[in-house]
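Everything on this sheet refers to the single structure shown next.
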Amino acid sequence: MSEQRDKVYPVSAEAMKRFVIRAMDSCGLNPEDAAMVADTLVQADLRGVHSHGVMKVPYYVRGYEVGGVNPKPEVRTVTDSGAIAVMDGDEGLGLVTSGPAMRLAMEKAGRLGVGAVTMRKSNHNGMIAYWAMMALEQDMIGYTSTSARPIIPPWGGTTASYGNNPCAYAIPAGEEWPIVLDMALSVVAFGKIRLAEMKGEPIPEGWALDKEGRPTTDARSALEGLLLPMAGYKGYGLALVHEILTGVLSGGTFGTDVAPLKLENPHAPGMHHFFMAFDVGQFMPVAEFKERVDRLVRMMKSSELAEGCDKIFLPGERASETRRKRLREGIPYGQEVIDSLKEFARKRGISHDF
């Protein structure tokens, strides 16, 4: 039984994208939006962020089924003034609404050096680094954050009061990998606990509390309970700041008013996002900046190694190497994920190539 559970199935990125596109098409998304959803989810799996990869497909589809997510949102700009803008996602999936917002931030940065855009009335927007990395294509620095359903207590409390509010930075380099810092402000993302629960594995101490506010290593109890902030009170403070940048500044909901993907209550308010882009070329020549980033990376890598370590990694480096390998060899999915997706496909009458 253990050998069966540990078995992995390599699936090509293109095959998995085709499956996701079919799933989104069954929900009424237009082809361009379906392709965007597919790319964001598969890119997460390519980078090893399975908690935000194709395992999310049934979850997103459920949001469309209950009417909590708009399959054809009319994303619009509410306020546009200089380097800033406020956008309304029309209750669309964040994987659909975030692209226009980040592109607008980049367009503003191209004209003014920096662009900042808030997005309200949206939903879960997947691997947050995907949107920051869009800036790399134009030699810009990207930054993104999102609100999330309340799942973490304030420091010293036991009531779920705010989300893990992940954030990401993407910084271009020259010969080295770009620096991509992607982190939830809880100790771990909620999806990692869900993966542990699917595999029947315990979680480490310090990740979560049960619904009574007691520390737990049981994944199922953690799913019903609370996540803990990273770095204690420091993580709490960072998450609170991101709650302001996403929910408060956008004019959307915040704190305990934020809803999950609206599976239980399709009329509940959704999530909100924040996007920034910095045009490197307006600070200094791009080639010079990239050379300076490369030098910084090499300074880090020249450090003497701590006992038990054989290499210094920069943020995002492992994920970039993983992506390159998986594009060549396929994405390894566990038995539980493949079985779950096959059963989902059978129920919805969706064909697949895995």
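Following the order of the structure tokens, first chain is A, next is B, and so on, with residues numbered from 1 inside each chain and ligands from 1 in the order they appear.
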
Who sits within 9 Å of segment 236-242 of chain A, only C-alpha atoms, same chain under 6 positions skipped, as a PyMOL selection string
chain A and resi 145-147+152-155+162-167+184-186+228-230+255+274

Restricted to N, CA, C and O atoms, what would the selected residues look like written as a PDB file, in the first residue's frame?
ATOM      1  N   SER A 145       0.934  40.952  -3.833  1.00  0.00           N
ATOM      2  CA  SER A 145       0.413  40.408  -2.581  1.00  0.00           C
ATOM      3  C   SER A 145      -1.090  40.196  -2.733  1.00  0.00           C
ATOM      4  O   SER A 145      -1.714  40.745  -3.644  1.00  0.00           O
ATOM      5  N   THR A 146      -1.653  39.396  -1.863  1.00  0.00           N
ATOM      6  CA  THR A 146      -3.090  39.155  -1.897  1.00  0.00           C
ATOM      7  C   THR A 146      -3.622  38.935  -0.495  1.00  0.00           C
ATOM      8  O   THR A 146      -2.904  38.452   0.383  1.00  0.00           O
ATOM      9  N   SER A 147      -4.876  39.293  -0.285  1.00  0.00           N
ATOM     10  CA  SER A 147      -5.527  38.939   0.964  1.00  0.00           C
ATOM     11  C   SER A 147      -5.969  37.486   0.867  1.00  0.00           C
ATOM     12  O   SER A 147      -5.910  36.870  -0.202  1.00  0.00           O
ATOM     13  N   ILE A 152      -5.438  32.859  10.452  1.00  0.00           N
ATOM     14  CA  ILE A 152      -4.359  33.041  11.419  1.00  0.00           C
ATOM     15  C   ILE A 152      -4.833  33.949  12.554  1.00  0.00           C
ATOM     16  O   ILE A 152      -5.494  34.957  12.300  1.00  0.00           O
ATOM     17  N   PRO A 153      -4.504  33.600  13.801  1.00  0.00           N
ATOM     18  CA  PRO A 153      -4.867  34.485  14.915  1.00  0.00           C
ATOM     19  C   PRO A 153      -3.871  35.622  15.053  1.00  0.00           C
ATOM     20  O   PRO A 153      -2.704  35.482  14.652  1.00  0.00           O
ATOM     21  N   PRO A 154      -4.280  36.763  15.598  1.00  0.00           N
ATOM     22  CA  PRO A 154      -3.304  37.817  15.909  1.00  0.00           C
ATOM     23  C   PRO A 154      -2.350  37.294  16.978  1.00  0.00           C
ATOM     24  O   PRO A 154      -2.680  36.355  17.713  1.00  0.00           O
ATOM     25  N   TRP A 155      -1.168  37.870  17.035  1.00  0.00           N
ATOM     26  CA  TRP A 155      -0.181  37.394  18.009  1.00  0.00           C
ATOM     27  C   TRP A 155      -0.747  37.505  19.417  1.00  0.00           C
ATOM     28  O   TRP A 155      -1.166  38.571  19.853  1.00  0.00           O
ATOM     29  N   TYR A 162      -7.116  37.083  10.250  1.00  0.00           N
ATOM     30  CA  TYR A 162      -6.583  37.560   8.970  1.00  0.00           C
ATOM     31  C   TYR A 162      -6.006  36.367   8.212  1.00  0.00           C
ATOM     32  O   TYR A 162      -5.820  35.278   8.758  1.00  0.00           O
ATOM     33  N   GLY A 163      -5.694  36.577   6.922  1.00  0.00           N
ATOM     34  CA  GLY A 163      -5.196  35.492   6.089  1.00  0.00           C
ATOM     35  C   GLY A 163      -3.681  35.354   6.121  1.00  0.00           C
ATOM     36  O   GLY A 163      -2.984  36.151   6.744  1.00  0.00           O
ATOM     37  N   ASN A 164      -3.175  34.333   5.415  1.00  0.00           N
ATOM     38  CA  ASN A 164      -1.722  34.175   5.361  1.00  0.00           C
ATOM     39  C   ASN A 164      -1.083  35.200   4.422  1.00  0.00           C
ATOM     40  O   ASN A 164       0.127  35.365   4.399  1.00  0.00           O
ATOM     41  N   ASN A 165      -1.921  35.898   3.615  1.00  0.00           N
ATOM     42  CA  ASN A 165      -1.515  37.073   2.837  1.00  0.00           C
ATOM     43  C   ASN A 165      -0.129  36.938   2.208  1.00  0.00           C
ATOM     44  O   ASN A 165       0.796  37.687   2.540  1.00  0.00           O
ATOM     45  N   PRO A 166       0.040  35.994   1.274  1.00  0.00           N
ATOM     46  CA  PRO A 166       1.362  35.793   0.670  1.00  0.00           C
ATOM     47  C   PRO A 166       1.817  36.995  -0.146  1.00  0.00           C
ATOM     48  O   PRO A 166       1.004  37.789  -0.615  1.00  0.00           O
ATOM     49  N   CYS A 167       3.124  37.100  -0.322  1.00  0.00           N
ATOM     50  CA  CYS A 167       3.684  38.165  -1.151  1.00  0.00           C
ATOM     51  C   CYS A 167       4.835  37.592  -1.963  1.00  0.00           C
ATOM     52  O   CYS A 167       5.393  36.544  -1.625  1.00  0.00           O
ATOM     53  N   ALA A 184       4.291  32.741   1.867  1.00  0.00           N
ATOM     54  CA  ALA A 184       3.111  33.027   2.657  1.00  0.00           C
ATOM     55  C   ALA A 184       3.593  33.622   3.976  1.00  0.00           C
ATOM     56  O   ALA A 184       4.745  33.436   4.372  1.00  0.00           O
ATOM     57  N   LEU A 185       2.744  34.334   4.647  1.00  0.00           N
ATOM     58  CA  LEU A 185       3.137  34.934   5.927  1.00  0.00           C
ATOM     59  C   LEU A 185       2.692  34.099   7.108  1.00  0.00           C
ATOM     60  O   LEU A 185       2.857  34.473   8.260  1.00  0.00           O
ATOM     61  N   SER A 186       2.122  32.919   6.788  1.00  0.00           N
ATOM     62  CA  SER A 186       1.995  31.878   7.799  1.00  0.00           C
ATOM     63  C   SER A 186       3.280  31.056   7.734  1.00  0.00           C
ATOM     64  O   SER A 186       4.110  31.255   6.846  1.00  0.00           O
ATOM     65  N   LEU A 228      -0.286  29.238  11.957  1.00  0.00           N
ATOM     66  CA  LEU A 228       0.495  30.139  12.796  1.00  0.00           C
ATOM     67  C   LEU A 228       1.325  31.075  11.921  1.00  0.00           C
ATOM     68  O   LEU A 228       1.783  30.681  10.842  1.00  0.00           O
ATOM     69  N   PRO A 229       1.526  32.317  12.355  1.00  0.00           N
ATOM     70  CA  PRO A 229       2.312  33.260  11.547  1.00  0.00           C
ATOM     71  C   PRO A 229       3.786  32.902  11.559  1.00  0.00           C
ATOM     72  O   PRO A 229       4.312  32.380  12.546  1.00  0.00           O
ATOM     73  N   MET A 230       4.465  33.145  10.448  1.00  0.00           N
ATOM     74  CA  MET A 230       5.914  32.957  10.404  1.00  0.00           C
ATOM     75  C   MET A 230       6.588  33.958  11.334  1.00  0.00           C
ATOM     76  O   MET A 230       6.084  35.068  11.548  1.00  0.00           O
ATOM     77  N   GLY A 255      -9.727  41.598   6.969  1.00  0.00           N
ATOM     78  CA  GLY A 255      -9.854  40.904   8.248  1.00  0.00           C
ATOM     79  C   GLY A 255     -10.890  39.801   8.221  1.00  0.00           C
ATOM     80  O   GLY A 255     -10.937  38.983   7.299  1.00  0.00           O
ATOM     81  N   PHE A 274      -2.765  43.251  -4.596  1.00  0.00           N
ATOM     82  CA  PHE A 274      -1.931  44.443  -4.764  1.00  0.00           C
ATOM     83  C   PHE A 274      -0.775  44.107  -5.702  1.00  0.00           C
ATOM     84  O   PHE A 274      -0.151  43.047  -5.564  1.00  0.00           O
TER      85      PHE A 274
END

Using only C-alpha atoms, what table do you get, as CSV, when you list each residue of segment 126-224 of chain A with an atom no more than 12 Å from segment 53-73 of chain A, its nearest pair of atoms, and their distance in Å rounded to one decimal, rows by chain then rising number?
residue,atom,partner,partner_atom,distance
A:Gly126,CA,A:Gly53,CA,7.7
A:Met127,CA,A:Gly53,CA,7.8
A:Ile128,CA,A:Gly53,CA,11.6
A:Tyr130,CA,A:Gly53,CA,11.5
A:Gly191,CA,A:Lys56,CA,9.1
A:Lys192,CA,A:Gly53,CA,11.2
A:Arg194,CA,A:Met55,CA,10.1
A:Leu195,CA,A:Met55,CA,9.1
A:Met198,CA,A:Met55,CA,10.8

Pull C-alpha atoms from the residues just selected and write them as a short mmCIF file (atom, residue, chain, number, x, y, z; two decimals), in the first residue's frame.
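Final output, saved to result35.cif:
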data_model
loop_
_atom_site.label_atom_id
_atom_site.label_comp_id
_atom_site.auth_asym_id
_atom_site.auth_seq_id
_atom_site.Cartn_x
_atom_site.Cartn_y
_atom_site.Cartn_z
CA GLY A 126 -2.92 31.01 -7.22
CA MET A 127 0.87 31.05 -6.97
CA ILE A 128 1.47 34.70 -6.16
CA TYR A 130 3.43 34.12 -11.18
CA GLY A 191 -2.27 24.01 0.61
CA LYS A 192 0.78 22.23 2.05
CA ARG A 194 -3.97 19.90 2.60
CA LEU A 195 -1.36 17.89 0.69
CA MET A 198 -4.28 13.82 1.31
#

Given the choices A:Leu95, A:Ala13, A:Ile141, A:Val117, which gets closest to Ser81 of chain A if the distance is worked out from only C-alpha atoms?
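Looking only at the distances to Ser81 of chain A, the closest residue turns out to be A:Val117.
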
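When the distance limit is 10 Å and only C-alpha atoms are what count, the residues near Phe254 of chain A, minus those fewer than 5 positions from it on the same chain, are Ser147, Ala148, Arg149, Pro150, Ser161, Tyr162, Gly163, Leu240, Glu243, Ile244, Thr246, Gly247, Val248, Leu249, Ala259, Pro269, Gly270, Met271 and His272 of chain A.
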
From the list A:Ala173, A:Met299, A:Ala345, A:Leu245, which residue is nearest Asp139 of chain A when using only C-alpha atoms?
A:Ala173

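Shortest separation to His50 of chain A among A:Ala189, A:Cys309, A:Met284, A:Met183 occurs at residue A:Ala189, atoms counted being only C-alpha atoms.
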
Residue nearest Ile21 of chain A - candidates A:Ile350, A:Leu305, A:Leu223, A:Met134, atoms counted: only C-alpha atoms:
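Closest to Ile21 of chain A, using only C-alpha atoms: A:Ile350.
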
Using Å and a single decimal, report how far atom CA of Pro172 of chain A sits from atom CA of Met36 of chain A.
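Atom-to-atom, atom CA of Met36 of chain A and atom CA of Pro172 of chain A are spaced 22.5 Å apart.
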
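Interatomic distance, atom CA of Arg47 of chain A against atom CA of Phe313 of chain A: 14.8 Å.
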